[in-house]
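Structure first, then comments.
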Amino acid sequence: MGTSKPKYTYTIIEAFNQTGVLKAFVDITTTGHVTVMAANPVHHVAWIASRPDAETNPYYN
């Protein structure tokens, strides 16, 4: 049986926010959960819809 890779990444909120493309903020302070969204609300729905093939065809390059 093979091992699977986790589908997550560690980074800092400031790195997302400095891109101007994505924005991140702590939404649940008790757990430290962070929400990441497209900075432009018009792109947000399309960015979410691109998730199934994001590894081979990312919405933001």
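The way I read the labels, and the way they are meant: chains A, B, ... in the order of the structure tokens, residue 1 as the first residue of every chain, and ligand 1 as the first ligand shown, with later ones counted on from there.
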
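Residues in contact with A:Ala15 at 10 Å, where only C-alpha atoms are counted and same-chain residues fewer than 6 positions away are skipped, are listed as Leu22, Lys23 and Ala24 of chain A.
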
Output the selection as a short mmCIF file (atom, residue, chain, number, x, y, z; two decimals), in the first residue's frame - C-alpha atoms for each residue.
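Saved to part.cif:
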```cif
data_model
loop_
_atom_site.label_atom_id
_atom_site.label_comp_id
_atom_site.auth_asym_id
_atom_site.auth_seq_id
_atom_site.Cartn_x
_atom_site.Cartn_y
_atom_site.Cartn_z
CA LEU A 22 -5.54 36.37 -2.42
CA LYS A 23 -6.49 37.56 1.03
CA ALA A 24 -6.36 35.59 4.24
#
```

Note to self: For the strand (DSSP E or B) assignment from backbone DSSP, which residues of stretch 2-51 of chain A qualify? Please present them as JSON, numbers by chain.
What the structure shows: {"A": [22, 23, 24, 25, 26, 27, 28, 33, 34, 35, 36, 37, 38]}

Next item on the list: List the neighbours of A:Tyr60 out to 10 Å using only C-alpha atoms; skip same-chain residues closer than 6 positions along the sequence, and give me the result as a list in words.
Entry: Val21, Leu22, Ala38, Trp47, Ser50 and Ala54 of chain A

Checklist line | Atom pair atom CA of A:Ala46 / atom CA of A:Tyr59: separation (Å) | finding: 7.9 Å

Margin query: Env of A:Ile13: 9 Å cut, atoms = only C-alpha atoms, seq-sep filter 5 positions within chain, self excluded. Answer as a ChimeraX atom specification.
Written below: /A:18,23-26,34,36

Okay, now the selection with C-alpha atoms, as a PDB file, in the first residue's frame?
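This went into result_33.pdb:
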```
ATOM      1  CA  GLN A  18       0.962  40.752  -0.049  1.00  0.00           C
ATOM      2  CA  LYS A  23      -6.488  37.560   1.027  1.00  0.00           C
ATOM      3  CA  ALA A  24      -6.358  35.592   4.241  1.00  0.00           C
ATOM      4  CA  PHE A  25      -7.674  36.248   7.717  1.00  0.00           C
ATOM      5  CA  VAL A  26      -8.197  34.365  10.966  1.00  0.00           C
ATOM      6  CA  VAL A  34      -7.731  30.893   8.490  1.00  0.00           C
ATOM      7  CA  VAL A  36      -8.358  32.328   2.158  1.00  0.00           C
TER       8      VAL A  36
END
```

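Atom CA of A:Phe16 is found 18.3 Å from atom CA of A:Thr29.
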
Checklist line | Backbone-only DSSP, helix (DSSP H, G or I) members of chain A, as a ChimeraX atom specification | finding: /A:13-19,41-49,51-53
